[in-house]
file query.tsv (TSV, C-alpha atoms)
chain	number	residue	atom	x	y	z
D	1	MET	CA	6.99	7.30	-10.53
D	2	GLY	CA	4.36	10.01	-10.25
D	3	SER	CA	5.19	13.06	-8.21
D	4	CYS	CA	4.34	16.74	-8.22
D	5	VAL	CA	6.45	19.61	-7.06
D	6	SER	CA	4.88	21.92	-4.54
D	7	LYS	CA	3.05	24.86	-6.03
D	8	ASN	CA	0.42	27.25	-4.80
D	9	ASN	CA	-1.71	28.28	-7.71
D	10	GLY	CA	-4.45	29.79	-5.57
D	11	ASP	CA	-7.13	27.62	-7.19
D	12	ASP	CA	-9.09	26.72	-4.07
D	13	ASP	CA	-12.25	25.68	-5.96
D	14	THR	CA	-10.98	22.11	-6.45
D	15	ILE	CA	-9.56	21.57	-2.98
D	16	HIS	CA	-11.75	18.71	-1.80
D	17	ASN	CA	-12.92	16.95	-4.95
D	18	VAL	CA	-11.08	13.81	-3.82
D	19	ASP	CA	-11.43	12.43	-0.31
D	20	PHE	CA	-7.83	12.49	0.87
D	21	SER	CA	-8.72	11.45	4.40
D	22	GLY	CA	-11.11	8.80	5.56
D	23	GLY	CA	-10.77	5.37	7.07
D	24	ASN	CA	-8.14	5.72	9.78
D	25	VAL	CA	-6.31	8.63	8.12
D	26	HIS	CA	-5.94	11.66	10.39
D	27	LEU	CA	-5.84	15.04	8.65
D	28	ILE	CA	-3.15	17.25	10.20
D	29	THR	CA	-4.08	20.92	10.03
D	30	THR	CA	-1.77	22.39	12.69
D	31	LYS	CA	1.70	21.77	14.12
D	32	GLU	CA	-0.06	21.08	17.43
D	33	SER	CA	-2.18	18.27	15.95
D	34	TRP	CA	1.03	16.78	14.48
D	35	ASP	CA	2.70	16.89	17.91
D	36	GLU	CA	-0.37	15.30	19.54
D	37	LYS	CA	-0.44	12.40	17.07
D	38	LEU	CA	3.31	11.79	17.43
D	39	ALA	CA	2.96	11.85	21.22
D	40	GLU	CA	0.06	9.39	21.00
D	41	ALA	CA	2.14	7.10	18.77
D	42	GLY	CA	5.05	7.27	21.21
D	43	ARG	CA	2.81	6.41	24.18
D	44	ASP	CA	1.21	3.50	22.34
D	45	GLY	CA	4.41	2.27	20.66
D	46	LYS	CA	2.91	2.79	17.20
D	47	ILE	CA	4.53	3.53	13.86
D	48	VAL	CA	3.43	6.73	12.09
D	49	ILE	CA	3.13	7.06	8.33
D	50	ALA	CA	2.88	10.69	7.27
D	51	ASN	CA	1.69	11.49	3.75
D	52	PHE	CA	2.76	14.98	2.66
D	53	SER	CA	0.36	15.65	-0.19
D	54	ALA	CA	-1.44	18.37	-2.12
D	55	THR	CA	-5.05	18.63	-3.26
D	56	TRP	CA	-4.03	19.80	-6.75
D	57	CYS	CA	-1.55	16.94	-7.28
D	58	GLY	CA	-2.81	14.30	-9.73
D	59	PRO	CA	-0.64	11.44	-8.40
D	60	CYS	CA	-1.69	12.34	-4.84
D	61	LYS	CA	-5.36	12.12	-5.84
D	62	MET	CA	-4.72	8.78	-7.54
D	63	LEU	CA	-3.06	7.33	-4.43
D	64	ALA	CA	-5.47	8.79	-1.81
D	65	PRO	CA	-8.01	5.90	-1.85
D	66	PHE	CA	-5.17	3.35	-1.57
D	67	TYR	CA	-3.71	5.23	1.43
D	68	VAL	CA	-7.14	5.15	3.11
D	69	GLU	CA	-7.38	1.43	2.34
D	70	LEU	CA	-3.95	0.81	3.92
D	71	SER	CA	-5.08	2.72	7.02
D	72	GLU	CA	-8.08	0.41	7.36
D	73	GLN	CA	-5.94	-2.72	6.88
D	74	HIS	CA	-3.37	-1.67	9.49
D	75	PRO	CA	-5.12	-0.16	12.54
D	76	SER	CA	-1.94	-0.63	14.60
D	77	VAL	CA	-0.29	2.14	12.54
D	78	ILE	CA	-1.15	5.85	12.72
D	79	PHE	CA	-1.73	7.26	9.22
D	80	LEU	CA	-1.41	11.04	8.89
D	81	LEU	CA	-2.12	13.37	5.99
D	82	VAL	CA	-0.44	16.77	5.71
D	83	ASP	CA	-1.46	19.22	2.98
D	84	VAL	CA	1.78	20.92	1.93
D	85	ASP	CA	-0.09	24.10	0.97
D	86	GLU	CA	-2.06	24.30	4.23
D	87	LEU	CA	1.07	23.76	6.35
D	88	CYS	CA	3.68	25.24	4.04
D	89	ASP	CA	6.30	26.20	6.64
D	90	PHE	CA	5.91	22.91	8.48
D	91	SER	CA	6.22	20.94	5.23
D	92	SER	CA	9.32	22.94	4.31
D	93	SER	CA	10.88	21.91	7.61
D	94	TRP	CA	10.59	18.30	6.39
D	95	ASP	CA	12.35	19.26	3.14
D	96	ILE	CA	9.48	18.18	0.89
D	97	LYS	CA	10.65	18.45	-2.73
D	98	ALA	CA	7.75	16.59	-4.39
D	99	THR	CA	4.31	15.28	-3.54
D	100	PRO	CA	3.37	12.81	-2.40
D	101	THR	CA	6.19	12.14	0.07
D	102	PHE	CA	5.69	9.52	2.76
D	103	PHE	CA	7.67	9.47	6.00
D	104	PHE	CA	7.74	6.44	8.26
D	105	LEU	CA	8.37	7.37	11.89
D	106	LYS	CA	9.01	5.43	15.08
D	107	ASN	CA	9.36	7.28	18.39
D	108	GLY	CA	9.35	10.52	16.39
D	109	GLN	CA	12.40	9.44	14.35
D	110	GLN	CA	12.40	8.81	10.61
D	111	ILE	CA	12.84	5.11	9.82
D	112	GLY	CA	11.90	5.33	6.14
D	113	LYS	CA	10.87	7.62	3.31
D	114	LEU	CA	9.16	7.19	-0.06
D	115	VAL	CA	8.76	9.91	-2.68
D	116	GLY	CA	6.14	9.54	-5.39
D	117	ALA	CA	2.84	7.77	-6.01
D	118	ASN	CA	4.25	4.27	-6.30
D	119	LYS	CA	1.52	1.92	-4.99
D	120	PRO	CA	3.57	-1.31	-5.03
D	121	GLU	CA	6.51	0.37	-3.31
D	122	LEU	CA	4.25	1.97	-0.67
D	123	GLN	CA	2.60	-1.40	0.00
D	124	LYS	CA	6.02	-3.07	0.24
D	125	LYS	CA	7.37	-0.44	2.66
D	126	VAL	CA	4.28	-0.57	4.91
D	127	THR	CA	4.38	-4.39	4.99
D	128	SER	CA	8.13	-4.43	5.66
D	129	ILE	CA	7.86	-1.98	8.55
D	130	ILE	CA	4.87	-3.74	10.09
D	131	ASP	CA	6.58	-7.13	9.74
D	132	SER	CA	9.63	-5.76	11.57
D	133	LEU	CA	7.56	-4.87	14.65
D	134	PRO	CA	7.31	-7.24	17.61
D	135	GLN	CA	3.93	-8.93	17.53
D	136	SER	CA	1.60	-8.12	20.41
D	137	PRO	CA	-0.53	-11.02	21.75
D	138	GLN	CA	-3.73	-9.78	20.02
D	139	GLN	CA	-1.95	-9.66	16.62
D	140	ARG	CA	-0.78	-13.29	16.74

call {"tool": "encode", "arguments": {"input": "query.tsv", "output": "structure tokens"}}
result
Amino acid sequence: MGSCVSKNNGDDDTIHNVDFSGGNVHLITTKESWDEKLAEAGRDGKIVIANFSATWCGPCKMLAPFYVELSEQHPSVIFLLVDVDELCDFSSSWDIKATPTFFFLKNGQQIGKLVGANKPELQKKVTSIIDSLPQSPQQR
């Protein structure tokens, strides 16, 4: 399982050489934007998947296109991306020990967690959580 531990090496030249967001992935740059997205999910009854990642992390870069692809396949889920170096204190409050770390949230509460760049396991978790949701008429 690929994972990186958080580090801040100050090498900002390589920050955006991989497109970490795209599709339906929302880049979270402030605590306020996090709160807004969680409030939106709560209003709409949506699940949130939060990817705590880092631009310097090889496994994170490898998994980024797959995460974007998942976001496009599952528009009923809110996909968030948090850069652990950009929001260091906030990430620490989630007890991030390695990147990437994925949290699955419903009504603001954690319903699942996955640590590491494990594509099959991420796919399985996303499918399992989506399958556990009641189907709305337009999804049938």

call {"tool": "closest_residue", "arguments": {"input": "query.tsv", "among": "D:Ile96, D:Ser132, D:Ala64, D:Val77", "to": "D:Glu40", "atoms": "all atoms listed in the file"}}
result
D:Val77

call {"tool": "closest_residue", "arguments": {"input": "query.tsv", "among": "D:Lys106, D:Lys31, D:Lys119, D:His26", "to": "D:Phe66", "atoms": "only C-alpha atoms"}}
result
D:Lys119

call {"tool": "closest_residue", "arguments": {"input": "query.tsv", "among": "D:Lys113, D:Lys61, D:Lys97, D:Lys46", "to": "D:His74", "atoms": "all atoms listed in the file"}}
result
D:Lys46

call {"tool": "closest_residue", "arguments": {"input": "query.tsv", "among": "D:Asn24, D:Ser91, D:Thr30, D:Thr55", "to": "D:Phe103", "atoms": "all atoms listed in the file"}}
result
D:Ser91

call {"tool": "residues_around", "arguments": {"input": "query.tsv", "residues": "D:Val48", "least_positions_apart": "6", "cutoff": "8 Å", "atoms": "all atoms listed in the file", "output": "VMD selection string"}}
result
chain D and resid 38 41 77 to 80 103 to 106

call {"tool": "atom_distance", "arguments": {"input": "query.tsv", "atom1": "atom CA of D:Met62", "atom2": "atom CA of D:Ala117"}}
result
7.8 Å

call {"tool": "closest_residue", "arguments": {"input": "query.tsv", "among": "D:Gly116, D:Ile47, D:Trp56, D:Ala98", "to": "D:Pro75", "atoms": "all atoms listed in the file"}}
result
D:Ile47

call {"tool": "closest_residue", "arguments": {"input": "query.tsv", "among": "D:Ala39, D:Cys88, D:Ala54, D:Val25", "to": "D:Val68", "atoms": "only C-alpha atoms"}}
result
D:Val25

call {"tool": "atom_distance", "arguments": {"input": "query.tsv", "atom1": "atom CA of D:Gln123", "atom2": "atom CA of D:Trp34"}}
result
23.3 Å

call {"tool": "residues_around", "arguments": {"input": "query.tsv", "residues": "D:Asp83", "least_positions_apart": "2", "cutoff": "10 Å", "atoms": "only C-alpha atoms", "output": "list in words"}}
result
Phe20, Leu27, Ile28, Thr29, Asn51, Phe52, Ser53, Ala54, Thr55, Leu81, Asp85, Glu86, Leu87, Cys88, Phe90, Ser91, Thr99 and Pro100 of chain D

call {"tool": "residues_around", "arguments": {"input": "query.tsv", "residues": "D:Arg43", "least_positions_apart": "6", "cutoff": "12 Å", "atoms": "only C-alpha atoms", "output": "JSON, numbers by chain"}}
result
{"D": [36, 37, 106, 107, 108]}

call {"tool": "write_last_selection", "arguments": {"input": "query.tsv", "atoms": "C-alpha atoms", "output": "mmCIF file, keeping the file's coordinate frame"}}
result
data_model
loop_
_atom_site.group_PDB
_atom_site.id
_atom_site.type_symbol
_atom_site.label_atom_id
_atom_site.label_comp_id
_atom_site.auth_asym_id
_atom_site.auth_seq_id
_atom_site.Cartn_x
_atom_site.Cartn_y
_atom_site.Cartn_z
ATOM 1 C CA GLU D 36 -0.370 15.300 19.540
ATOM 2 C CA LYS D 37 -0.440 12.400 17.070
ATOM 3 C CA LYS D 106 9.010 5.430 15.080
ATOM 4 C CA ASN D 107 9.360 7.280 18.390
ATOM 5 C CA GLY D 108 9.350 10.520 16.390
#

call {"tool": "atom_distance", "arguments": {"input": "query.tsv", "atom1": "atom CA of D:Gly22", "atom2": "atom CA of D:Tyr67"}}
result
9.2 Å

call {"tool": "axis_aligned_box", "arguments": {"input": "query.tsv", "around": "stretch 32-37 of chain D", "padding_each_side": "3 Å", "output": "AutoDock Vina command-line options"}}
result
--center_x 0.3 --center_y 16.7 --center_z 17.0 --size_x 10.9 --size_y 14.7 --size_z 11.1
